[in-house]
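Chemist: For reference, this is coords-v3.tsv, and it has TSV, N, CA and C atoms and all ligand atoms.
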```tsv
chain	number	residue	atom	x	y	z
A	122	MET	N	32.97	-25.16	30.59
A	122	MET	CA	31.98	-24.09	30.75
A	122	MET	C	31.64	-23.47	29.39
A	123	ARG	N	30.37	-23.40	29.10
A	123	ARG	CA	29.97	-22.75	27.87
A	123	ARG	C	29.31	-21.42	28.20
A	124	CYS	N	29.38	-20.50	27.28
A	124	CYS	CA	28.80	-19.20	27.59
A	124	CYS	C	27.45	-18.99	26.92
A	125	GLU	N	26.87	-20.09	26.43
A	125	GLU	CA	25.53	-19.96	25.87
A	125	GLU	C	24.56	-19.64	27.00
A	126	GLU	N	23.66	-18.74	26.69
A	126	GLU	CA	22.69	-18.36	27.71
A	126	GLU	C	21.30	-18.71	27.22
A	127	ASN	N	20.62	-19.57	27.94
A	127	ASN	CA	19.27	-19.92	27.53
A	127	ASN	C	18.31	-18.78	27.79
A	128	LYS	N	17.33	-18.67	26.92
A	128	LYS	CA	16.32	-17.63	27.09
A	128	LYS	C	14.95	-18.28	27.18
A	129	ILE	N	14.01	-17.54	27.73
A	129	ILE	CA	12.63	-18.02	27.78
A	129	ILE	C	11.87	-17.36	26.64
A	130	CYS	N	11.23	-18.18	25.84
A	130	CYS	CA	10.49	-17.66	24.70
A	130	CYS	C	9.34	-16.77	25.17
A	131	GLY	N	9.20	-15.61	24.53
A	131	GLY	CA	8.16	-14.66	24.90
A	131	GLY	C	6.77	-15.11	24.47
A	132	VAL	N	6.69	-16.13	23.62
A	132	VAL	CA	5.39	-16.57	23.14
A	132	VAL	C	4.93	-17.84	23.84
A	133	CYS	N	5.76	-18.89	23.81
A	133	CYS	CA	5.30	-20.16	24.36
A	133	CYS	C	5.88	-20.44	25.74
A	134	GLY	N	6.84	-19.61	26.18
A	134	GLY	CA	7.39	-19.77	27.52
A	134	GLY	C	8.41	-20.89	27.67
A	135	ARG	N	8.80	-21.49	26.54
A	135	ARG	CA	9.80	-22.56	26.61
A	135	ARG	C	11.20	-21.97	26.65
A	136	GLU	N	12.11	-22.75	27.25
A	136	GLU	CA	13.50	-22.32	27.29
A	136	GLU	C	14.16	-22.70	25.97
A	137	PHE	N	14.98	-21.82	25.45
A	137	PHE	CA	15.68	-22.14	24.20
A	137	PHE	C	17.03	-21.48	24.19
A	138	THR	N	17.90	-22.01	23.34
A	138	THR	CA	19.23	-21.44	23.19
A	138	THR	C	19.25	-20.58	21.95
A	139	PRO	N	19.53	-19.29	22.12
A	139	PRO	CA	19.55	-18.41	20.96
A	139	PRO	C	20.58	-18.90	19.94
A	140	ALA	N	20.18	-18.93	18.69
A	140	ALA	CA	21.09	-19.37	17.64
A	140	ALA	C	20.84	-18.55	16.40
A	141	THR	N	21.78	-18.57	15.51
A	141	THR	CA	21.53	-17.87	14.25
A	141	THR	C	20.48	-18.65	13.48
A	142	PRO	N	19.57	-17.94	12.83
A	142	PRO	CA	18.49	-18.61	12.11
A	142	PRO	C	19.05	-19.54	11.04
A	143	CYS	N	18.47	-20.74	10.94
A	143	CYS	CA	19.01	-21.66	9.94
A	143	CYS	C	18.00	-21.97	8.83
A	144	THR	N	16.79	-21.48	8.94
A	144	THR	CA	15.87	-21.66	7.82
A	144	THR	C	15.37	-20.29	7.36
A	145	LEU	N	14.83	-20.26	6.17
A	145	LEU	CA	14.31	-19.00	5.64
A	145	LEU	C	13.20	-18.45	6.53
A	146	LEU	N	12.35	-19.37	7.01
A	146	LEU	CA	11.24	-18.92	7.84
A	146	LEU	C	11.74	-18.33	9.15
A	147	GLU	N	12.76	-18.97	9.74
A	147	GLU	CA	13.31	-18.42	10.98
A	147	GLU	C	13.89	-17.04	10.73
A	148	GLU	N	14.56	-16.91	9.60
A	148	GLU	CA	15.16	-15.62	9.27
A	148	GLU	C	14.07	-14.57	9.08
A	149	ALA	N	13.02	-14.96	8.35
A	149	ALA	CA	11.91	-14.04	8.12
A	149	ALA	C	11.27	-13.67	9.45
A	150	GLY	N	11.09	-14.66	10.32
A	150	GLY	CA	10.48	-14.41	11.62
A	150	GLY	C	11.29	-13.45	12.44
A	151	GLU	N	12.60	-13.61	12.39
A	151	GLU	CA	13.46	-12.74	13.17
A	151	GLU	C	13.37	-11.31	12.65
A	152	TRP	N	13.32	-11.19	11.33
A	152	TRP	CA	13.21	-9.87	10.73
A	152	TRP	C	11.87	-9.23	11.12
A	153	LEU	N	10.81	-10.02	11.08
A	153	LEU	CA	9.49	-9.51	11.44
A	153	LEU	C	9.48	-9.06	12.90
A	154	SER	N	10.11	-9.84	13.79
A	154	SER	CA	10.16	-9.45	15.20
A	154	SER	C	10.82	-8.10	15.36
A	155	ALA	N	11.91	-7.92	14.64
A	155	ALA	CA	12.66	-6.68	14.78
A	155	ALA	C	11.88	-5.51	14.20
A	156	GLU	N	11.22	-5.74	13.05
A	156	GLU	CA	10.56	-4.64	12.36
A	156	GLU	C	9.19	-4.29	12.95
A	157	PHE	N	8.41	-5.32	13.31
A	157	PHE	CA	7.00	-5.06	13.64
A	157	PHE	C	6.66	-5.33	15.10
A	158	TRP	N	7.28	-6.34	15.70
A	158	TRP	CA	6.89	-6.68	17.07
A	158	TRP	C	7.88	-6.15	18.11
A	159	GLU	N	9.06	-5.80	17.65
A	159	GLU	CA	10.12	-5.27	18.51
A	159	GLU	C	10.43	-6.19	19.69
A	160	ASP	N	10.40	-7.51	19.42
A	160	ASP	CA	10.80	-8.44	20.47
A	160	ASP	C	11.84	-9.42	19.92
A	161	ALA	N	12.66	-8.94	19.02
A	161	ALA	CA	13.68	-9.79	18.41
A	161	ALA	C	14.55	-10.43	19.49
A	162	GLY	N	14.87	-11.69	19.29
A	162	GLY	CA	15.73	-12.39	20.22
A	162	GLY	C	14.99	-12.99	21.40
A	163	ARG	N	13.67	-12.80	21.47
A	163	ARG	CA	12.93	-13.34	22.61
A	163	ARG	C	12.00	-14.48	22.20
A	164	LEU	N	12.12	-14.93	20.97
A	164	LEU	CA	11.28	-16.03	20.51
A	164	LEU	C	12.12	-17.25	20.17
A	165	CYS	N	11.59	-18.42	20.49
A	165	CYS	CA	12.30	-19.64	20.13
A	165	CYS	C	12.10	-19.90	18.63
A	166	PRO	N	12.98	-20.67	18.02
A	166	PRO	CA	12.90	-20.90	16.58
A	166	PRO	C	11.53	-21.38	16.10
A	167	PRO	N	10.88	-22.34	16.77
A	167	PRO	CA	9.54	-22.75	16.28
A	167	PRO	C	8.54	-21.60	16.26
A	168	CYS	N	8.58	-20.72	17.27
A	168	CYS	CA	7.65	-19.60	17.30
A	168	CYS	C	7.99	-18.59	16.21
A	169	LEU	N	9.28	-18.40	15.95
A	169	LEU	CA	9.67	-17.52	14.86
A	169	LEU	C	9.11	-18.03	13.55
A	170	GLU	N	9.21	-19.34	13.37
A	170	GLU	CA	8.71	-19.94	12.13
A	170	GLU	C	7.20	-19.77	12.02
A	171	ASN	N	6.50	-20.04	13.12
A	171	ASN	CA	5.04	-19.88	13.11
A	171	ASN	C	4.66	-18.46	12.76
A	172	ARG	N	5.35	-17.52	13.36
A	172	ARG	CA	5.03	-16.12	13.12
A	172	ARG	C	5.26	-15.78	11.65
A	173	ALA	N	6.38	-16.25	11.12
A	173	ALA	CA	6.69	-15.97	9.72
A	173	ALA	C	5.62	-16.57	8.82
A	174	ARG	N	5.20	-17.79	9.15
A	174	ARG	CA	4.19	-18.46	8.33
A	174	ARG	C	2.87	-17.68	8.37
A	175	LEU	N	2.47	-17.29	9.56
A	175	LEU	CA	1.23	-16.52	9.70
A	175	LEU	C	1.32	-15.20	8.94
A	176	ALA	N	2.43	-14.51	9.13
A	176	ALA	CA	2.59	-13.21	8.49
A	176	ALA	C	2.52	-13.36	6.97
A	177	LEU	N	3.15	-14.39	6.46
A	177	LEU	CA	3.11	-14.62	5.02
A	177	LEU	C	1.69	-14.85	4.54
A	178	MET	N	0.93	-15.61	5.32
A	178	MET	CA	-0.46	-15.87	4.93
A	178	MET	C	-1.26	-14.59	4.88
A	179	TYR	N	-1.06	-13.75	5.90
A	179	TYR	CA	-1.81	-12.49	5.94
A	179	TYR	C	-1.43	-11.61	4.76
A	180	ILE	N	-0.14	-11.56	4.48
A	180	ILE	CA	0.33	-10.70	3.39
A	180	ILE	C	-0.25	-11.20	2.07
A	181	ILE	N	-0.28	-12.51	1.89
A	181	ILE	CA	-0.81	-13.07	0.64
A	181	ILE	C	-2.32	-12.87	0.54
A	182	ASP	N	-3.01	-12.96	1.70
A	182	ASP	CA	-4.46	-12.85	1.69
A	182	ASP	C	-4.97	-11.44	1.42
A	183	ARG	N	-4.13	-10.46	1.71
A	183	ARG	CA	-4.58	-9.10	1.68
A	183	ARG	C	-5.08	-8.66	0.31
B	201	ZN	ZN	8.30	-20.27	21.58
```
What does the file become when written as structure tokens?

Modeler:
Amino acid sequence: MRCEENKICGVCGREFTPATPCTLLEEAGEWLSAEFWEDAGRLCPPCLENRARLALMYIIDR
């Protein structure tokens, strides 16, 4: 028996297993969720990465 609990991603609706971020983008995405979107822990790693990438683009474009 494992105690991992799968979650449903708040963005794409896919099931994922919460894990510690392993890339810089995932880490950035998690930080952004906590700071700006207040939905930390509810996004799957690919969505965290996408969000981080988008946020970086906006910040650079400004
Ligand atoms: Zn997702």

Chemist: For ligand ZN 201 (chain B), return the neighbouring residues as a VMD selection string (distance at most 8 Å; only N, CA and C atoms and all ligand atoms).

Modeler: chain A and resid 129 to 137 163 to 169

Chemist: Enumerate, as a PyMOL selection string, the complete set of residues in chain A that a backbone-based DSSP assignment places in strand (DSSP E or B).

Modeler: chain A and resi 128-129+136-137

Chemist: Which residues are near Thr138 of chain A? Cut-off 6.5 Å, all atoms listed in the file, ignore same chain within fewer than 4 positions. Put them as a list in words.

Modeler: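 Answer for this query is Glu126, Asn127 and Lys128 of chain A.
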
Chemist: Measure the distance from atom C of Phe157 of chain A to atom N of Met178 of chain A in Å and round it to one decimal.

Modeler: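 Computed distance, atom C of Phe157 of chain A to atom N of Met178 of chain A, equals 15.3 Å.
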
Chemist: Report the distance between atom N of Glu170 of chain A and atom C of Glu156 of chain A in Å, rounded to one decimal place.

Modeler: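 We find that atom N of Glu170 of chain A and atom C of Glu156 of chain A lie 15.1 Å from each other.
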
Chemist: To one decimal in Å, tell me the separation between atom C of Ala173 of chain A and atom CA of Gly150 of chain A.

Modeler: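 Computed distance, atom C of Ala173 of chain A to atom CA of Gly150 of chain A, equals 6.0 Å.
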
Chemist: I need the residues in chain A that are helix (DSSP H, G or I) according to DSSP; give them as a PyMOL selection string.

Modeler: chain A and resi 145-158+166-182

Chemist: Hey, which of A:Leu145, A:Pro139, A:Ile180, A:Leu175 ends up closest to Ala161 of chain A? Count only C-alpha atoms.

Modeler: A:Pro139

Chemist: Here is a test: counting only C-alpha atoms, which residue of A:Leu146, A:Ser154, A:Asp160, A:Ala140 is nearest to Arg174 of chain A?

Modeler: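 Looking at the shortest contact to Arg174 of chain A, the residue is A:Leu146.
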